[in-house]
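Asks: My structure is below; once you've seen it, I'll send some questions.
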Amino acid sequence: MDLIIIGAGPGGYELAADARRQGLEVAIIERDQLGGTCLNRGCIPTKALLASASIAHEARAAADFGIDIAGVTPCYCRAVGRKDNIVSQLREGVAMALDGVRVIQGEARFVAPDTVEVNGERYSAPRIVVATGSAPARLPIPGSEYAITSDELLELKELPARVAIIGGGVIGMEFACILHEFGVEVSVIEYCKEILPPFDRDIAKRLRTALSRRGINIIVGAAVTSISQGSVTYEHKNKNVTLDTDLVVMAVGRRPVVPEGLAELGVEITRRGITVDDSMATNVPGIYAIGDVNGRCMLAHAASAQGKVVLGEPVNLDVIPSAVFTMPECAMVGLTEEQCRERGIDIKVGKSLFRANGKAMAMGENDGLVKMIVDTATGSILGCHIMGPHASDLVQAVADMMSAGKGVEALAQAIHGHPTLGEAVQAAARACC
């Protein structure tokens, strides 16, 4: 065996398939289902449910477009059935991609730097890659056992009337949008001063305002102190508040899942995850870690890119776009304005509103902003932040420019089709020139 991979999420199974194409003898070990969290309990199922929620939202707004639709009645059970079917089909695709790779079902335990044990059998290889991902975190507060996580929420076939979500990050806000469109009364309780803590504040505040107008109750700067059956209590502005609810969902981030036996081998592990260098190698020769488990960037596409690094492919890990699939979407790449200010970088900030974009107006999705951040001295694009229609797609063009080392002038001068949403990105770039 040339390579053993522990974990069949995007990072693991793509690495396995790539390594097999290079002629390596590869084994991949998975204790659950192929596809990992992303396919089974994360990216894909939530996007399937968000697609259903988006159609419900559009149907309710159809009259604004001159189309009358009577009796819009979303059926969550059928939406879940569609979600499960999509996940099943994609899981079959992963199995096909692993053709020629030895798939071992079970939980791996390290017994030596080059050897793992699964179901009583031992497997050895000169290189072992840990790609075991992460699991939902929980707050250590009284009554935490009354809350469910995103894993359990995705298994529900019926929804309660009221849901309180602890955490206004990516997971919390995506579920807030899904549940709201299916008729649930949603409250989001976020500890930080603003939702989506990693995102630029202008974008996060604009999203919070938009979702609040839609009817989602969002409380920021609040610390949850306890949960009971039927309520959640939090401290807000020096007052204790009890919120009645039918279900509490804990969406307070994720923690790395570290295989048994790794610490005993002397591999450096922190609360963030397994420590690795820029080649994804740990401090113990022959052992690597990619994806959520190393804590560098908890995104599926980051895990896939890190897997390519293990194989020696040139990958620019400094430019990784990210998105939150709320309604409207938010996306970002690079540094926020706050981060640039903290680092003392002299910057130009260019903004463009979607309400000035013809395509967005025609779509009826004109609530949004593109924010471009540029180094004043060099003209390099340091960051781009978008809230608006198809933000997750639009940010990729900027990420491509950044990865290729192109400055803001190249983006500003490129001819954009009209009418397109991309013109909003160009307008923000031009505002920086």
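Simple scheme: letters A, B, ... for chains in structure tokens order, numbers from 1 for residues in each chain, numbers from 1 for ligands in the order shown.
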Would you please extract all helix (DSSP H, G or I) residues from region 63-287 of chain A, as assigned by DSSP on the backbone, and give them as a PyMOL selection string?
Replies: chain A and resi 63-65+76-97+144-146+150-153+170-181+201-214+263-265
Asks: Report as CSV the residues of region 295-330 of chain A within 9 Å of region 393-397 of chain A, each with its shortest atom pair and distance in Å (one decimal), using only C-alpha atoms, ordered by chain and increasing residue number.
Replies:
residue,atom,partner,partner_atom,distance
A:Pro321,CA,A:Gln396,CA,6.8
A:Ser322,CA,A:Val395,CA,8.5
A:Ala323,CA,A:Val395,CA,8.7
Asks: When you look at Gly71 (chain A) with a cut-off of 12 Å (counting only C-alpha atoms), what residues show up, excluding the ones that are within fewer than 6 positions of it in the same chain? I need them as a list in words.
Replies: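 What passes the distance filter is Ala56, Ala59, Arg60 and Ala62 of chain A.
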Asks: Any chance you could export the current selection's N, CA and C atoms as a PDB file, in the first residue's frame?
Replies:
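Listing of out12.pdb after writing:
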ATOM      1  N   ALA A  56     -40.217  28.388  -2.693  1.00  0.00           N
ATOM      2  CA  ALA A  56     -41.369  28.837  -1.908  1.00  0.00           C
ATOM      3  C   ALA A  56     -41.384  30.356  -1.796  1.00  0.00           C
ATOM      4  N   ALA A  59     -42.322  31.846  -5.161  1.00  0.00           N
ATOM      5  CA  ALA A  59     -43.741  31.648  -5.455  1.00  0.00           C
ATOM      6  C   ALA A  59     -44.604  32.671  -4.728  1.00  0.00           C
ATOM      7  N   ARG A  60     -44.226  32.974  -3.491  1.00  0.00           N
ATOM      8  CA  ARG A  60     -44.991  33.960  -2.726  1.00  0.00           C
ATOM      9  C   ARG A  60     -44.860  35.360  -3.324  1.00  0.00           C
ATOM     10  N   ALA A  62     -44.523  35.940  -6.558  1.00  0.00           N
ATOM     11  CA  ALA A  62     -44.834  35.867  -7.987  1.00  0.00           C
ATOM     12  C   ALA A  62     -45.735  37.005  -8.456  1.00  0.00           C
TER      13      ALA A  62
END
Asks: List every residue of region 125-237 of chain A that has an atom at most 12 Å from any atom of region 257-268 of chain A, and for each one report the closest atom pair and its distance in Å to one decimal, counting only C-alpha atoms, with rows sorted by chain and then by increasing residue number, as JSON lines.
Replies:
{"residue": "A:Ile128", "atom": "CA", "partner": "A:Leu262", "partner_atom": "CA", "distance": 11.3}
{"residue": "A:Val129", "atom": "CA", "partner": "A:Pro259", "partner_atom": "CA", "distance": 11.1}
{"residue": "A:Val130", "atom": "CA", "partner": "A:Pro259", "partner_atom": "CA", "distance": 7.9}
{"residue": "A:Ala131", "atom": "CA", "partner": "A:Val257", "partner_atom": "CA", "distance": 9.0}
{"residue": "A:Thr132", "atom": "CA", "partner": "A:Val257", "partner_atom": "CA", "distance": 5.9}
{"residue": "A:Gly133", "atom": "CA", "partner": "A:Val257", "partner_atom": "CA", "distance": 5.8}
{"residue": "A:Ser134", "atom": "CA", "partner": "A:Val257", "partner_atom": "CA", "distance": 4.9}
{"residue": "A:Ala135", "atom": "CA", "partner": "A:Val257", "partner_atom": "CA", "distance": 6.5}
{"residue": "A:Pro136", "atom": "CA", "partner": "A:Val257", "partner_atom": "CA", "distance": 9.9}
{"residue": "A:Ala137", "atom": "CA", "partner": "A:Val257", "partner_atom": "CA", "distance": 10.7}
Asks: Check the smallest atom-to-atom distance from each of A:Ser392, A:Asn357, A:Ser124, A:Ser279 to Val333 (chain A) using only C-alpha atoms, then report the winner.
Replies: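 The shortest atom-to-atom distance to Val333 (chain A) comes from A:Ser392.
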Asks: Could you pull the residues within 10 Å of Pro142 (chain A), counting only C-alpha atoms, minus those fewer than 2 positions along the same chain, as a list in words?
Replies: Leu139, Pro140, Ser144, Glu145, Tyr146, Val224, Thr225, Ser226, Ile227 and Ser228 of chain A
Asks: Measure the distance from CA of Leu50 (chain A) to CA of Leu154 (chain A) in Å and round it to one decimal.
Replies: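 Between CA of Leu50 (chain A) and CA of Leu154 (chain A) the gap is 12.0 Å.
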Asks: From the set A:Asn238, A:Gln413, A:Thr233, A:Ser187, which residue has the shortest atom-to-atom contact distance to Gly215 (chain A), counting only C-alpha atoms?
Replies: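 Comparing A:Asn238, A:Gln413, A:Thr233, A:Ser187 against Gly215 (chain A), the winner is A:Ser187.
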Asks: Identify, on the basis of only C-alpha atoms, every residue whose closest approach to Val72 (chain A) does not exceed 12 Å; exclude the query and any residue fewer than 2 positions from it along the same chain; express the result as a ChimeraX atom specification.
Replies: /A:53,55-63,68-70,74-75,181-183
Asks: Please produce an output containing C-alpha atoms for each residue in the selection, written as a compact mmCIF listing (two decimals), in the first residue's frame.
Replies:
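Written output follows (part-v9.txt):
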# COMPACT_ATOMS: atom_id res chain seq x y z
CA ALA A 53 -37.11 27.22 0.42
CA ILE A 55 -38.81 28.32 -4.68
CA ALA A 56 -41.37 28.84 -1.91
CA HIS A 57 -40.09 32.37 -1.44
CA GLU A 58 -40.25 33.11 -5.17
CA ALA A 59 -43.74 31.65 -5.45
CA ARG A 60 -44.99 33.96 -2.73
CA ALA A 61 -43.48 36.93 -4.59
CA ALA A 62 -44.83 35.87 -7.99
CA ALA A 63 -47.56 38.53 -7.99
CA ASP A 68 -50.79 35.03 -9.65
CA ILE A 69 -50.19 31.80 -7.73
CA ALA A 70 -52.85 30.74 -5.25
CA PRO A 74 -44.54 24.16 1.18
CA CYS A 75 -44.33 20.50 2.25
CA GLU A 181 -39.61 29.81 4.43
CA PHE A 182 -41.29 26.62 5.66
CA GLY A 183 -43.41 28.62 8.09
Asks: Contacts between region 245-255 of chain A and region 267-338 of chain A, please, where a residue of region 267-338 of chain A counts if it comes within 12 Å (with only C-alpha atoms); show its shortest atom pair and distance in Å to one decimal, rows by chain and ascending number, as a tab-separated table.
Replies:
residue	atom	partner	partner_atom	distance
A:Thr270	CA	A:Arg255	CA	10.9
A:Arg271	CA	A:Arg255	CA	8.1
A:Arg272	CA	A:Arg255	CA	7.4
A:Gly273	CA	A:Arg255	CA	7.8
A:Ile274	CA	A:Arg255	CA	11.2
A:Gly291	CA	A:Arg255	CA	11.9
A:Asp292	CA	A:Arg255	CA	8.2
A:Val293	CA	A:Arg255	CA	7.9
A:Asn294	CA	A:Arg255	CA	10.1
A:Gly295	CA	A:Arg255	CA	8.5
A:Cys297	CA	A:Arg254	CA	11.6
A:Met298	CA	A:Arg254	CA	8.6
A:Leu299	CA	A:Arg254	CA	11.4
Asks: To one decimal place, how far is CA of Met402 (chain A) from CA of Gly334 (chain A) in Å?
Replies: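 Computing it gives 8.6 Å between the two atoms.
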Asks: Give the answer as one residue: which of A:Val284, A:Cys432, A:Ala95, A:Ala377 has the shortest atom-to-atom distance to Gly9 (chain A), using only C-alpha atoms?
Replies: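 When distances to Gly9 (chain A) are compared using only C-alpha atoms, the smallest one comes from A:Ala95.
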Asks: Work out how far CA of Thr326 (chain A) is from CA of Glu365 (chain A), in Å to one decimal.
Replies: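 Value for the CA of Glu365 (chain A)-CA of Thr326 (chain A) distance: 13.2 Å.
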Asks: DSSP on the backbone, strand (DSSP E or B) only: what residues of region 193-356 of chain A does that give? Format it as a PyMOL selection string.
Replies: chain A and resi 217-220+222-228+231-236+239-244+247-250+254-256+260+269+274+281+287-289+322-324+329-334+347-353
Asks: Quick one: everything within 8 Å of Met280 (chain A), counting only C-alpha atoms, minus sequence neighbours fewer than 5 positions away in the same chain. Send it as a PyMOL selection string.
Replies: chain A and resi 288-290+306+309-310
Asks: Select, from A:Gly350, A:Gly358, A:Pro256, A:Gly364, the residue with the minimum atom-to-atom distance to Ile381 (chain A), counting only C-alpha atoms.
Replies: A:Gly350
Asks: Let me make sure I understand: among A:Arg355, A:Asp367, A:Ala281, A:Val349, which one has the smallest atom-to-atom distance to Ala431 (chain A) if we use only C-alpha atoms?
Replies: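 Checking each of A:Arg355, A:Asp367, A:Ala281, A:Val349 against Ala431 (chain A), counting only C-alpha atoms, the winner is A:Val349.
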Asks: Pick the closest to Glu174 (chain A) from A:Thr46, A:Thr275, A:Thr420, A:Gln89: which is it, counting only C-alpha atoms?
Replies: A:Thr46
Asks: If we count only C-alpha atoms, what is near Glu158 (chain A) at a cut-off of 10 Å, once residues fewer than 4 positions away on the same chain are taken out, given as a list in words?
Replies: Cys75, Tyr76, Cys77, Arg78, Val80 and Leu153 of chain A
